[in-house]
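Student: You'll find start.pdb just under this line, and it carries PDB, C-alpha atoms and all ligand atoms.
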ATOM      1  CA  MET A   1     -16.711  30.034 -12.588
ATOM      2  CA  GLY A   2     -17.252  33.835 -12.346
ATOM      3  CA  THR A   3     -15.312  36.209 -14.645
ATOM      4  CA  GLY A   4     -13.215  37.602 -11.756
ATOM      5  CA  CYS A   5     -12.214  34.093 -10.715
ATOM      6  CA  ALA A   6     -11.453  33.060 -14.303
ATOM      7  CA  GLN A   7      -9.219  36.116 -14.696
ATOM      8  CA  ALA A   8      -7.434  35.326 -11.439
ATOM      9  CA  VAL A   9      -6.775  31.801 -12.674
ATOM     10  CA  ARG A  10      -5.544  33.112 -16.044
ATOM     11  CA  GLN A  11      -3.076  35.385 -14.288
ATOM     12  CA  LEU A  12      -1.419  32.310 -12.808
ATOM     13  CA  GLU A  13      -0.635  30.844 -16.233
ATOM     14  CA  ILE A  14       2.921  30.633 -17.581
ATOM     15  CA  PRO A  15       2.610  31.335 -21.296
ATOM     16  CA  ALA A  16       3.561  28.375 -23.489
ATOM     17  CA  ALA A  17       4.363  26.255 -20.454
ATOM     18  CA  ALA A  18       1.345  26.040 -18.154
ATOM     19  CA  THR A  19      -2.131  27.054 -19.256
ATOM     20  CA  VAL A  20      -5.587  26.613 -17.752
ATOM     21  CA  VAL A  21      -8.035  25.095 -20.210
ATOM     22  CA  GLU A  22     -11.429  23.429 -20.258
ATOM     23  CA  GLY A  23     -11.063  19.710 -20.682
ATOM     24  CA  ASN A  24     -13.310  16.645 -20.552
ATOM     25  CA  GLY A  25     -16.787  17.394 -19.272
ATOM     26  CA  GLY A  26     -15.946  21.111 -19.272
ATOM     27  CA  LEU A  27     -13.775  20.600 -16.178
ATOM     28  CA  GLN A  28     -10.895  23.067 -15.831
ATOM     29  CA  LYS A  29      -7.351  21.715 -15.845
ATOM     30  CA  VAL A  30      -3.788  22.960 -15.869
ATOM     31  CA  CYS A  31      -1.927  21.724 -18.937
ATOM     32  CA  ILE A  32       1.832  21.505 -18.650
ATOM     33  CA  ALA A  33       3.803  21.459 -21.908
ATOM     34  CA  SER A  34       7.557  22.054 -21.713
ATOM     35  CA  PRO A  35      10.714  20.544 -23.232
ATOM     36  CA  GLN A  36      11.257  18.581 -20.015
ATOM     37  CA  VAL A  37       7.756  17.349 -19.304
ATOM     38  CA  ASP A  38       4.087  17.203 -20.278
ATOM     39  CA  GLY A  39       1.336  16.776 -17.745
ATOM     40  CA  GLU A  40      -2.206  17.594 -16.681
ATOM     41  CA  ILE A  41      -3.921  18.252 -13.348
ATOM     42  CA  GLU A  42      -7.656  18.879 -12.959
ATOM     43  CA  LEU A  43      -9.069  21.374 -10.459
ATOM     44  CA  HIS A  44     -11.707  18.689  -9.910
ATOM     45  CA  GLY A  45     -10.210  16.681  -7.091
ATOM     46  CA  ALA A  46      -6.736  18.217  -7.705
ATOM     47  CA  HIS A  47      -6.511  15.141  -9.850
ATOM     48  CA  ILE A  48      -3.378  14.486 -11.911
ATOM     49  CA  THR A  49      -4.461  12.752 -15.128
ATOM     50  CA  SER A  50      -1.218  12.741 -17.108
ATOM     51  CA  TRP A  51       2.542  12.795 -16.589
ATOM     52  CA  LYS A  52       5.014  12.303 -19.414
ATOM     53  CA  PRO A  53       8.670  13.090 -18.681
ATOM     54  CA  ALA A  54      10.612  14.005 -21.833
ATOM     55  CA  GLY A  55      11.368  10.978 -24.000
ATOM     56  CA  ARG A  56       8.901   8.740 -22.184
ATOM     57  CA  ASP A  57       5.402   7.443 -22.848
ATOM     58  CA  GLU A  58       2.523   8.225 -20.534
ATOM     59  CA  VAL A  59       3.263   6.909 -17.038
ATOM     60  CA  LEU A  60      -0.264   7.052 -15.618
ATOM     61  CA  PHE A  61      -3.262   4.897 -16.539
ATOM     62  CA  LEU A  62      -6.546   6.686 -17.355
ATOM     63  CA  SER A  63      -9.694   4.691 -18.098
ATOM     64  CA  SER A  64     -11.377   5.208 -21.469
ATOM     65  CA  GLN A  65     -14.679   4.950 -19.527
ATOM     66  CA  SER A  66     -13.937   7.517 -16.833
ATOM     67  CA  ARG A  67     -16.674   9.924 -15.744
ATOM     68  CA  TRP A  68     -15.877  13.650 -16.029
ATOM     69  CA  ASP A  69     -18.397  15.484 -13.885
ATOM     70  CA  GLU A  70     -18.812  17.152 -10.511
ATOM     71  CA  GLY A  71     -19.681  14.620  -7.867
ATOM     72  CA  HIS A  72     -17.877  11.705  -9.534
ATOM     73  CA  ALA A  73     -14.262  10.665  -9.209
ATOM     74  CA  ILE A  74     -12.095  10.401 -12.298
ATOM     75  CA  ARG A  75     -11.058   6.749 -12.939
ATOM     76  CA  GLY A  76      -7.312   6.683 -13.282
ATOM     77  CA  GLY A  77      -4.450   9.143 -12.789
ATOM     78  CA  ILE A  78      -3.938  10.060  -9.130
ATOM     79  CA  PRO A  79      -7.097  10.475  -7.037
ATOM     80  CA  ILE A  80      -6.598  11.883  -3.526
ATOM     81  CA  CYS A  81      -8.343   9.901  -0.802
ATOM     82  CA  PHE A  82      -9.084  11.992   2.326
ATOM     83  CA  PRO A  83     -10.152  12.080   5.179
ATOM     84  CA  TRP A  84     -11.040   8.371   5.112
ATOM     85  CA  PHE A  85      -9.958   5.438   2.954
ATOM     86  CA  GLY A  86     -12.477   3.031   1.441
ATOM     87  CA  GLY A  87     -15.854   3.053   3.186
ATOM     88  CA  LYS A  88     -16.462   5.409   6.137
ATOM     89  CA  ALA A  89     -16.547   3.181   9.219
ATOM     90  CA  ASP A  90     -19.511   4.891  10.891
ATOM     91  CA  ASP A  91     -21.505   5.976   7.819
ATOM     92  CA  PRO A  92     -22.228   3.549   4.940
ATOM     93  CA  LYS A  93     -23.839   6.387   2.929
ATOM     94  CA  ALA A  94     -20.645   8.446   2.921
ATOM     95  CA  PRO A  95     -18.681   8.580  -0.353
ATOM     96  CA  ALA A  96     -15.912   5.963  -0.731
ATOM     97  CA  HIS A  97     -12.393   7.324  -0.200
ATOM     98  CA  GLY A  98     -13.677  10.581   1.278
ATOM     99  CA  PHE A  99     -14.936  13.729  -0.450
ATOM    100  CA  VAL A 100     -11.949  15.680  -1.716
ATOM    101  CA  ARG A 101     -11.584  13.709  -4.969
ATOM    102  CA  THR A 102     -15.045  14.853  -6.072
ATOM    103  CA  LYS A 103     -14.764  18.521  -5.091
ATOM    104  CA  SER A 104     -13.375  21.470  -7.043
ATOM    105  CA  TRP A 105     -10.095  22.745  -5.535
ATOM    106  CA  GLN A 106      -8.702  26.271  -5.635
ATOM    107  CA  LEU A 107      -5.749  26.874  -7.936
ATOM    108  CA  GLU A 108      -3.237  28.790  -5.798
ATOM    109  CA  SER A 109       0.006  28.939  -7.766
ATOM    110  CA  ILE A 110       1.887  27.872 -10.885
ATOM    111  CA  ALA A 111       5.641  28.342 -10.776
ATOM    112  CA  GLN A 112       8.654  27.495 -12.888
ATOM    113  CA  ALA A 113      10.735  24.873 -11.063
ATOM    114  CA  GLU A 114      14.320  23.739 -11.668
ATOM    115  CA  ASP A 115      13.474  21.342 -14.481
ATOM    116  CA  GLY A 116       9.711  21.568 -14.559
ATOM    117  CA  ILE A 117       6.582  23.259 -13.273
ATOM    118  CA  THR A 118       5.116  23.325  -9.755
ATOM    119  CA  VAL A 119       1.360  23.647  -9.316
ATOM    120  CA  GLY A 120      -0.229  24.478  -5.950
ATOM    121  CA  MET A 121      -3.895  23.886  -5.081
ATOM    122  CA  PHE A 122      -5.881  23.902  -1.840
ATOM    123  CA  LEU A 123      -9.210  22.991  -0.313
ATOM    124  CA  GLU A 124     -10.688  24.096   2.998
ATOM    125  CA  SER A 125     -13.451  22.771   5.221
ATOM    126  CA  ASP A 126     -16.851  24.258   4.473
ATOM    127  CA  GLU A 127     -20.562  23.518   5.045
ATOM    128  CA  ASP A 128     -20.419  20.799   2.418
ATOM    129  CA  THR A 129     -17.422  18.995   3.930
ATOM    130  CA  LYS A 130     -18.914  19.284   7.410
ATOM    131  CA  ARG A 131     -21.970  17.354   6.231
ATOM    132  CA  TRP A 132     -19.680  14.335   6.218
ATOM    133  CA  TRP A 133     -16.890  15.301   8.590
ATOM    134  CA  PRO A 134     -17.372  17.977  11.320
ATOM    135  CA  ALA A 135     -13.750  19.178  11.262
ATOM    136  CA  ASP A 136     -11.855  22.376  10.418
ATOM    137  CA  PHE A 137      -8.966  21.760   8.085
ATOM    138  CA  HIS A 138      -6.878  23.187   5.281
ATOM    139  CA  LEU A 139      -5.586  20.804   2.634
ATOM    140  CA  ALA A 140      -2.762  21.899   0.340
ATOM    141  CA  TYR A 141      -1.314  19.973  -2.585
ATOM    142  CA  ARG A 142       1.945  20.834  -4.306
ATOM    143  CA  VAL A 143       2.849  18.946  -7.450
ATOM    144  CA  THR A 144       6.065  19.312  -9.417
ATOM    145  CA  PHE A 145       5.921  17.982 -12.970
ATOM    146  CA  ALA A 146       9.514  17.345 -14.036
ATOM    147  CA  SER A 147      11.719  14.379 -14.893
ATOM    148  CA  GLU A 148      10.396  13.170 -11.546
ATOM    149  CA  LEU A 149       6.834  13.664 -10.349
ATOM    150  CA  SER A 150       6.879  15.106  -6.826
ATOM    151  CA  LEU A 151       3.705  15.120  -4.738
ATOM    152  CA  GLU A 152       3.198  16.791  -1.363
ATOM    153  CA  LEU A 153      -0.112  16.640   0.524
ATOM    154  CA  VAL A 154      -0.239  18.959   3.535
ATOM    155  CA  VAL A 155      -3.015  18.734   6.123
ATOM    156  CA  THR A 156      -3.391  21.604   8.607
ATOM    157  CA  ASN A 157      -5.714  21.269  11.588
ATOM    158  CA  THR A 158      -7.377  24.703  11.700
ATOM    159  CA  GLY A 159      -9.796  23.673  14.453
ATOM    160  CA  LYS A 160      -9.747  23.209  18.230
ATOM    161  CA  ASN A 161      -9.909  19.413  18.402
ATOM    162  CA  ILE A 162      -7.544  16.609  17.470
ATOM    163  CA  LEU A 163      -8.129  15.456  13.870
ATOM    164  CA  ARG A 164      -7.933  11.754  12.966
ATOM    165  CA  PHE A 165      -7.736  11.087   9.241
ATOM    166  CA  GLU A 166      -6.615   8.607   6.611
ATOM    167  CA  GLU A 167      -4.993   9.706   3.360
ATOM    168  CA  ALA A 168      -3.832   8.114   0.116
ATOM    169  CA  LEU A 169      -2.362   9.161  -3.224
ATOM    170  CA  HIS A 170      -4.235   6.459  -5.156
ATOM    171  CA  THR A 171      -1.853   6.295  -8.138
ATOM    172  CA  TYR A 172      -2.898   4.297 -11.233
ATOM    173  CA  HIS A 173       0.312   3.185 -12.994
ATOM    174  CA  ARG A 174       0.028   2.262 -16.659
ATOM    175  CA  VAL A 175       1.683  -1.111 -17.397
ATOM    176  CA  GLY A 176       2.249  -3.129 -20.567
ATOM    177  CA  ASN A 177       0.705  -6.311 -19.189
ATOM    178  CA  ILE A 178      -0.103  -6.873 -15.536
ATOM    179  CA  LEU A 179       0.788 -10.581 -15.870
ATOM    180  CA  ASN A 180       4.443  -9.688 -16.527
ATOM    181  CA  THR A 181       4.640  -6.892 -13.973
ATOM    182  CA  ARG A 182       6.453  -7.265 -10.638
ATOM    183  CA  VAL A 183       6.403  -5.057  -7.541
ATOM    184  CA  GLY A 184       9.443  -5.015  -5.278
ATOM    185  CA  GLY A 185      10.215  -3.328  -1.961
ATOM    186  CA  LEU A 186       7.609  -5.023   0.249
ATOM    187  CA  HIS A 187       9.348  -8.302   1.092
ATOM    188  CA  ALA A 188       8.631  -9.444   4.684
ATOM    189  CA  VAL A 189       6.050  -6.673   5.163
ATOM    190  CA  ASP A 190       2.717  -7.590   6.781
ATOM    191  CA  TYR A 191      -0.442  -6.783   4.876
ATOM    192  CA  ILE A 192      -4.222  -6.891   5.230
ATOM    193  CA  ASP A 193      -5.730  -8.935   2.402
ATOM    194  CA  LYS A 194      -9.065  -7.286   1.544
ATOM    195  CA  THR A 195      -9.913 -10.123  -0.849
ATOM    196  CA  ASP A 196      -9.642 -12.678   1.974
ATOM    197  CA  SER A 197     -11.748 -11.319   4.856
ATOM    198  CA  ASN A 198      -9.043  -8.821   5.821
ATOM    199  CA  ARG A 199      -6.725 -11.596   6.971
ATOM    200  CA  LYS A 200      -3.241 -10.444   7.983
ATOM    201  CA  LYS A 201      -0.455 -12.045   5.936
ATOM    202  CA  SER A 202       3.242 -11.485   5.285
ATOM    203  CA  GLN A 203       4.677 -10.703   1.834
ATOM    204  CA  GLN A 204       7.373 -13.034   0.593
ATOM    205  CA  GLY A 205       9.533 -11.722  -2.242
ATOM    206  CA  GLU A 206       8.168  -9.572  -5.070
ATOM    207  CA  ILE A 207       4.442  -9.179  -5.770
ATOM    208  CA  ALA A 208       3.153 -10.901  -8.907
ATOM    209  CA  ILE A 209      -0.501 -10.230  -9.778
ATOM    210  CA  ALA A 210      -2.384 -13.430 -10.634
ATOM    211  CA  SER A 211      -5.883 -12.634  -9.302
ATOM    212  CA  GLU A 212      -7.895  -9.742  -7.804
ATOM    213  CA  THR A 213      -5.445  -8.018  -5.482
ATOM    214  CA  ASP A 214      -6.424  -5.513  -2.778
ATOM    215  CA  ARG A 215      -3.842  -5.231  -0.017
ATOM    216  CA  VAL A 216      -2.852  -2.731   2.628
ATOM    217  CA  TYR A 217       0.856  -3.109   3.453
ATOM    218  CA  LEU A 218       1.433  -1.989   7.009
ATOM    219  CA  ASN A 219       4.216  -0.143   8.812
ATOM    220  CA  THR A 220       6.334   0.319   5.690
ATOM    221  CA  ARG A 221       8.270   3.430   4.719
ATOM    222  CA  SER A 222      10.261   1.687   1.990
ATOM    223  CA  PRO A 223      10.354   2.795  -1.635
ATOM    224  CA  ILE A 224       8.723   0.416  -4.082
ATOM    225  CA  GLU A 225       9.899  -0.588  -7.520
ATOM    226  CA  LEU A 226       7.477  -1.482 -10.313
ATOM    227  CA  GLU A 227       9.110  -3.623 -13.010
ATOM    228  CA  ASP A 228       7.496  -3.595 -16.442
ATOM    229  CA  PRO A 229       9.349  -5.734 -19.004
ATOM    230  CA  VAL A 230       6.687  -5.061 -21.672
ATOM    231  CA  LEU A 231       7.016  -1.255 -21.629
ATOM    232  CA  ARG A 232      10.702  -1.814 -20.759
ATOM    233  CA  ARG A 233      10.669   0.527 -17.782
ATOM    234  CA  ARG A 234      11.072   0.552 -14.021
ATOM    235  CA  THR A 235       9.085   2.995 -11.883
ATOM    236  CA  ARG A 236      10.381   3.866  -8.455
ATOM    237  CA  VAL A 237       8.158   5.469  -5.818
ATOM    238  CA  ALA A 238       9.899   6.919  -2.776
ATOM    239  CA  LYS A 239       7.898   8.414   0.055
ATOM    240  CA  GLU A 240       8.021  10.372   3.334
ATOM    241  CA  ASN A 241       5.646  10.413   6.320
ATOM    242  CA  SER A 242       3.713   7.496   4.877
ATOM    243  CA  CYS A 243       3.458   4.261   6.871
ATOM    244  CA  THR A 244       1.268   2.184   4.541
ATOM    245  CA  THR A 245       1.298   1.187   0.861
ATOM    246  CA  VAL A 246      -1.847  -0.073  -0.864
ATOM    247  CA  VAL A 247      -1.610  -2.350  -3.905
ATOM    248  CA  TRP A 248      -4.706  -2.909  -6.074
ATOM    249  CA  ASN A 249      -5.710  -4.611  -9.293
ATOM    250  CA  PRO A 250      -9.439  -5.336  -9.833
ATOM    251  CA  TRP A 251      -8.792  -8.325 -12.152
ATOM    252  CA  VAL A 252     -11.626  -9.629 -14.376
ATOM    253  CA  GLN A 253     -14.823  -9.650 -12.333
ATOM    254  CA  LYS A 254     -14.319  -6.402 -10.406
ATOM    255  CA  ALA A 255     -13.292  -4.720 -13.680
ATOM    256  CA  HIS A 256     -16.546  -5.886 -15.233
ATOM    257  CA  ALA A 257     -18.516  -4.599 -12.240
ATOM    258  CA  LEU A 258     -17.033  -1.088 -12.436
ATOM    259  CA  SER A 259     -19.219   1.135 -14.677
ATOM    260  CA  ASP A 260     -16.427   3.627 -15.354
ATOM    261  CA  PHE A 261     -13.800   1.041 -16.303
ATOM    262  CA  ALA A 262     -13.579  -1.042 -19.519
ATOM    263  CA  ASP A 263     -13.716  -4.822 -19.105
ATOM    264  CA  ASP A 264     -10.160  -5.445 -20.331
ATOM    265  CA  GLU A 265      -8.430  -2.459 -18.736
ATOM    266  CA  TRP A 266      -7.344  -4.480 -15.639
ATOM    267  CA  ILE A 267      -4.452  -5.763 -17.810
ATOM    268  CA  GLN A 268      -3.001  -2.258 -18.294
ATOM    269  CA  MET A 269      -2.900  -0.890 -14.753
ATOM    270  CA  ILE A 270      -1.860  -1.364 -11.145
ATOM    271  CA  CYS A 271      -2.508   0.992  -8.254
ATOM    272  CA  ILE A 272       0.336   1.601  -5.820
ATOM    273  CA  GLU A 273      -0.774   4.034  -3.171
ATOM    274  CA  THR A 274       1.386   6.119  -0.850
ATOM    275  CA  SER A 275      -0.815   6.325   2.203
ATOM    276  CA  ASN A 276      -1.580   6.434   5.900
ATOM    277  CA  VAL A 277      -4.588   4.178   6.384
ATOM    278  CA  SER A 278      -6.083   1.581   8.686
ATOM    279  CA  GLU A 279      -4.171   1.380  12.003
ATOM    280  CA  PHE A 280      -1.814   4.048  10.650
ATOM    281  CA  ALA A 281      -4.462   6.783  10.438
ATOM    282  CA  VAL A 282      -2.949  10.126  11.501
ATOM    283  CA  ASP A 283      -3.831  12.043  14.682
ATOM    284  CA  LEU A 284      -3.150  15.754  14.254
ATOM    285  CA  ALA A 285      -3.307  18.269  17.106
ATOM    286  CA  PRO A 286      -4.936  21.704  16.657
ATOM    287  CA  GLY A 287      -2.704  24.129  14.755
ATOM    288  CA  ARG A 288      -0.369  21.346  13.591
ATOM    289  CA  GLN A 289       0.512  20.216  10.054
ATOM    290  CA  HIS A 290       1.156  16.802   8.535
ATOM    291  CA  LYS A 291       3.070  16.505   5.228
ATOM    292  CA  MET A 292       3.023  13.294   3.186
ATOM    293  CA  ARG A 293       5.335  13.143   0.168
ATOM    294  CA  ALA A 294       5.909  10.862  -2.778
ATOM    295  CA  VAL A 295       8.404  11.075  -5.603
ATOM    296  CA  VAL A 296       7.906   8.994  -8.742
ATOM    297  CA  ARG A 297      10.802   8.343 -11.112
ATOM    298  CA  VAL A 298      10.925   6.229 -14.285
ATOM    299  CA  VAL A 299      14.122   4.570 -15.506
ATOM    300  CA  ASP A 300      14.891   2.200 -18.360
ATOM    301  CA  PHE A 301      14.463  -1.490 -17.718
TER     302      PHE A 301
HETATM  303  O1  LIG B 401      -7.264   1.225  -3.267
HETATM  304  C1  LIG B 401      -7.922   0.060  -3.444
HETATM  305  C2  LIG B 401      -9.420   0.280  -3.263
HETATM  306  O2  LIG B 401      -9.697   0.700  -1.978
HETATM  307  C3  LIG B 401     -10.182  -0.977  -3.668
HETATM  308  O3  LIG B 401     -10.813  -1.563  -2.586
HETATM  309  C4  LIG B 401     -11.137  -0.511  -4.760
HETATM  310  O4  LIG B 401     -12.373  -0.253  -4.296
HETATM  311  C5  LIG B 401     -10.430   0.728  -5.282
HETATM  312  O5  LIG B 401      -9.863   1.323  -4.162
HETATM  313  C6  LIG B 401     -11.238   1.691  -6.102
HETATM  314  O6  LIG B 401     -12.138   2.393  -5.341
HETATM  315  P1  LIG B 401     -13.194   3.365  -6.069
HETATM  316  O7  LIG B 401     -13.998   3.964  -4.949
HETATM  317  O8  LIG B 401     -12.391   4.411  -6.808
HETATM  318  O9  LIG B 401     -14.001   2.529  -7.009
END
Transcribe the structure of this file into structure tokens.

Tutor:
Amino acid sequence: MGTGCAQAVRQLEIPAAATVVEGNGGLQKVCIASPQVDGEIELHGAHITSWKPAGRDEVLFLSSQSRWDEGHAIRGGIPICFPWFGGKADDPKAPAHGFVRTKSWQLESIAQAEDGITVGMFLESDEDTKRWWPADFHLAYRVTFASELSLELVVTNTGKNILRFEEALHTYHRVGNILNTRVGGLHAVDYIDKTDSNRKKSQQGEIAIASETDRVYLNTRSPIELEDPVLRRRTRVAKENSCTTVVWNPWVQKAHALSDFADDEWIQMICIETSNVSEFAVDLAPGRQHKMRAVVRVVDF
């Protein structure tokens, strides 16, 4: 990063509350440290890697084996998947989950919020993005680190054609033991089971993880509740303008197959992803904006 740019970034800092530092792999991140909350967000992928509301342990899972370099996604925290989810339907060579999680974003703002700190970042279409996706867009991300974690992903179609995209906030929740964890809020919701030839099924009751789980819950705007009796906490995720929720745990074999994930880490995490994917991909007219929001709150068990 050039000196002028580094200075510009420094000017955004809030002394003793939000500073820009070099972290793992020399990647720049914003470190939040205040009486109400601690947290971290990387410019690489606008990737949140830590959120600790006052009086609570770390809420997000981060793999001890994560890569920290340009071109690779960080394993854990909250990766942003855009403009496609999973593999790209018409291009098997395209990066999984799109390209924004492996690009460096622009830091736009850092502001004091009511009981925390709001960080704003953005990314725009360029020659590199058009290699994969010939579209003009502006992507803005506003994150408030406070007693709640508020996330807002804003897509603006800056081109002349309709944009169709998928999006997900691919949140890795840290849990005490996945075998004792339960996910509520998806009863009677249909889902695509990616571990069973994409068969469509219907959820009955709470979700208990007892094998590799990779599901896309469809047409659901409901909040979910993650119950963790081991860490004695309940995590609630409410959302807006999101019609799908993805639930993922790699279990034993997939965990072993992932090079940036330790063999036993499947026990400590579950992904619950606020999203618009599959048949709920978004169509956005030229000049229009789409805002997807999620708010994460932790309460005692
Ligand atoms: O969100 C679930 C999922 O799509 C799974 O299929 C699994 O591949 C996971 O994402 C992780 O994807 P990644 O590309 O980060 O290895």

Student: Within 8 Å of ligand LIG 401 (chain B) (counting all atoms listed in the file), which residues show up? I'd like them as a ChimeraX atom specification.

Tutor: /A:73,75,85-86,96-97,170,194,214-215,246-250,258,271,273

Student: Please enumerate the residues selected by the PyMOL selection byres (((chain A and resi 46) around 8) and not hetatm) when evaluated against the supplied file, formatted as a ChimeraX atom specification.

Tutor: /A:41-45,47-48,79-80,101,104-105,121,141

Student: Quick one: write out the picked residues with C-alpha atoms as a compact mmCIF listing (two decimals), in the frame of the given file?

Tutor:
# COMPACT_ATOMS: atom_id res chain seq x y z
CA ILE A 41 -3.92 18.25 -13.35
CA GLU A 42 -7.66 18.88 -12.96
CA LEU A 43 -9.07 21.37 -10.46
CA HIS A 44 -11.71 18.69 -9.91
CA GLY A 45 -10.21 16.68 -7.09
CA HIS A 47 -6.51 15.14 -9.85
CA ILE A 48 -3.38 14.49 -11.91
CA PRO A 79 -7.10 10.48 -7.04
CA ILE A 80 -6.60 11.88 -3.53
CA ARG A 101 -11.58 13.71 -4.97
CA SER A 104 -13.38 21.47 -7.04
CA TRP A 105 -10.10 22.74 -5.54
CA MET A 121 -3.90 23.89 -5.08
CA TYR A 141 -1.31 19.97 -2.58

Student: Given the file shown, determine the residues that the PyMOL selection byres (((chain A and resi 172-177) around 8) and not hetatm) selects; report them as a PyMOL selection string.

Tutor: chain A and resi 58-62+76-78+170-171+178-181+228-231+267-272

Student: Can you write out the residues you just picked, keeping C-alpha atoms, as an mmCIF file, in the coordinates of the input?

Tutor:
data_model
loop_
_atom_site.group_PDB
_atom_site.id
_atom_site.type_symbol
_atom_site.label_atom_id
_atom_site.label_comp_id
_atom_site.auth_asym_id
_atom_site.auth_seq_id
_atom_site.Cartn_x
_atom_site.Cartn_y
_atom_site.Cartn_z
ATOM 1 C CA GLU A 58 2.523 8.225 -20.534
ATOM 2 C CA VAL A 59 3.263 6.909 -17.038
ATOM 3 C CA LEU A 60 -0.264 7.052 -15.618
ATOM 4 C CA PHE A 61 -3.262 4.897 -16.539
ATOM 5 C CA LEU A 62 -6.546 6.686 -17.355
ATOM 6 C CA GLY A 76 -7.312 6.683 -13.282
ATOM 7 C CA GLY A 77 -4.450 9.143 -12.789
ATOM 8 C CA ILE A 78 -3.938 10.060 -9.130
ATOM 9 C CA HIS A 170 -4.235 6.459 -5.156
ATOM 10 C CA THR A 171 -1.853 6.295 -8.138
ATOM 11 C CA ILE A 178 -0.103 -6.873 -15.536
ATOM 12 C CA LEU A 179 0.788 -10.581 -15.870
ATOM 13 C CA ASN A 180 4.443 -9.688 -16.527
ATOM 14 C CA THR A 181 4.640 -6.892 -13.973
ATOM 15 C CA ASP A 228 7.496 -3.595 -16.442
ATOM 16 C CA PRO A 229 9.349 -5.734 -19.004
ATOM 17 C CA VAL A 230 6.687 -5.061 -21.672
ATOM 18 C CA LEU A 231 7.016 -1.255 -21.629
ATOM 19 C CA ILE A 267 -4.452 -5.763 -17.810
ATOM 20 C CA GLN A 268 -3.001 -2.258 -18.294
ATOM 21 C CA MET A 269 -2.900 -0.890 -14.753
ATOM 22 C CA ILE A 270 -1.860 -1.364 -11.145
ATOM 23 C CA CYS A 271 -2.508 0.992 -8.254
ATOM 24 C CA ILE A 272 0.336 1.601 -5.820
#

Student: Can you spell out as number ranges by chain the set of residues that the PyMOL selection byres (((chain A and resi 227) around 8) and not hetatm) selects in the structure I just provided?

Tutor: A: 181-184, 225-226, 228-229, 233-235, 301

Student: So that I can check the surroundings of Val282 (chain A), please list as a PyMOL selection string every protein, DNA and RNA residue that reaches within 9 Å of it, counting all atoms listed in the file and ignoring chain neighbours fewer than 2 positions away.

Tutor: chain A and resi 163-167+276-277+279-280+284+290

Student: Could you give me the centre and size, in Å to one decimal, of an axis-aligned box around all listed atoms of region 191-198 of chain A with 6 Å added on every side, as AutoDock Vina command-line options?

Tutor:
--center_x -6.1 --center_y -9.7 --center_z 2.5 --size_x 23.3 --size_y 17.9 --size_z 18.7

Student: With a distance cut-off of 8 Å and all atoms listed in the file, select the neighbouring residues of Asp193 (chain A), excluding the residue or stretch itself and same-chain residues fewer than 5 positions from it, and output the selection as a list in words.

Tutor: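 Contacts, in chain order: Asn198, Arg199, Lys200, Lys201, Thr213, Asp214, Arg215 and Val216 of chain A.
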
Student: Go ahead and find all residues with at least one atom no further than 8 Å from (0.1, 29.0, -14.2) in the file's coordinates, using only C-alpha atoms; report them as a list in words.

Tutor: Val9, Arg10, Gln11, Leu12, Glu13, Ile14, Pro15, Ala18, Thr19, Val20, Val30, Ser109, Ile110, Ala111 and Val119 of chain A

Student: Using the selection just defined, write its residues with C-alpha atoms as a PDB file, keeping the file's coordinate frame.

Tutor:
ATOM      1  CA  VAL A   9      -6.775  31.801 -12.674  1.00  0.00           C
ATOM      2  CA  ARG A  10      -5.544  33.112 -16.044  1.00  0.00           C
ATOM      3  CA  GLN A  11      -3.076  35.385 -14.288  1.00  0.00           C
ATOM      4  CA  LEU A  12      -1.419  32.310 -12.808  1.00  0.00           C
ATOM      5  CA  GLU A  13      -0.635  30.844 -16.233  1.00  0.00           C
ATOM      6  CA  ILE A  14       2.921  30.633 -17.581  1.00  0.00           C
ATOM      7  CA  PRO A  15       2.610  31.335 -21.296  1.00  0.00           C
ATOM      8  CA  ALA A  18       1.345  26.040 -18.154  1.00  0.00           C
ATOM      9  CA  THR A  19      -2.131  27.054 -19.256  1.00  0.00           C
ATOM     10  CA  VAL A  20      -5.587  26.613 -17.752  1.00  0.00           C
ATOM     11  CA  VAL A  30      -3.788  22.960 -15.869  1.00  0.00           C
ATOM     12  CA  SER A 109       0.006  28.939  -7.766  1.00  0.00           C
ATOM     13  CA  ILE A 110       1.887  27.872 -10.885  1.00  0.00           C
ATOM     14  CA  ALA A 111       5.641  28.342 -10.776  1.00  0.00           C
ATOM     15  CA  VAL A 119       1.360  23.647  -9.316  1.00  0.00           C
TER      16      VAL A 119
END

Student: Between A:Ile162, A:Ala6, A:Met292, A:Ile192, which one has atoms that come closest to Ser150 (chain A), using all atoms listed in the file?

Tutor: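 Looking only at the distances to Ser150 (chain A), the closest residue turns out to be A:Met292.
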
Student: Any idea what the distance is between CA of Asp263 (chain A) and CA of Arg67 (chain A)?

Tutor: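 Those two atoms sit 15.4 Å apart.
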
Student: Choose the residue, out of A:Leu151, A:Ala89, A:Val298, A:Cys243, that has the smallest atom-to-atom separation from Arg56 (chain A); count all atoms listed in the file.

Tutor: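 Ranked by minimum distance to Arg56 (chain A), first place goes to A:Val298.
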
Student: Would you compute the distance between CA of Asp69 (chain A) and CA of Gly23 (chain A)? Give it in Å to one decimal.

Tutor: 10.9 Å

Student: Between CA of Val37 (chain A) and CA of Glu148 (chain A), measure the distance and give it in Å to one decimal.

Tutor: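 Between CA of Val37 (chain A) and CA of Glu148 (chain A) the gap is 9.2 Å.
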
Student: Using all atoms listed in the file for the distances, tell me which of A:His72, A:Lys239, A:Lys254, A:Lys29 is nearest to Thr102 (chain A).

Tutor: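 Looking only at the distances to Thr102 (chain A), the closest residue turns out to be A:His72.
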
Student: My list of candidates is A:Glu265, A:Asp91, A:Asp136, A:Asp190. Which is closest to Ser202 (chain A) when distances are computed with all atoms listed in the file?

Tutor: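 Nearest to Ser202 (chain A): A:Asp190.
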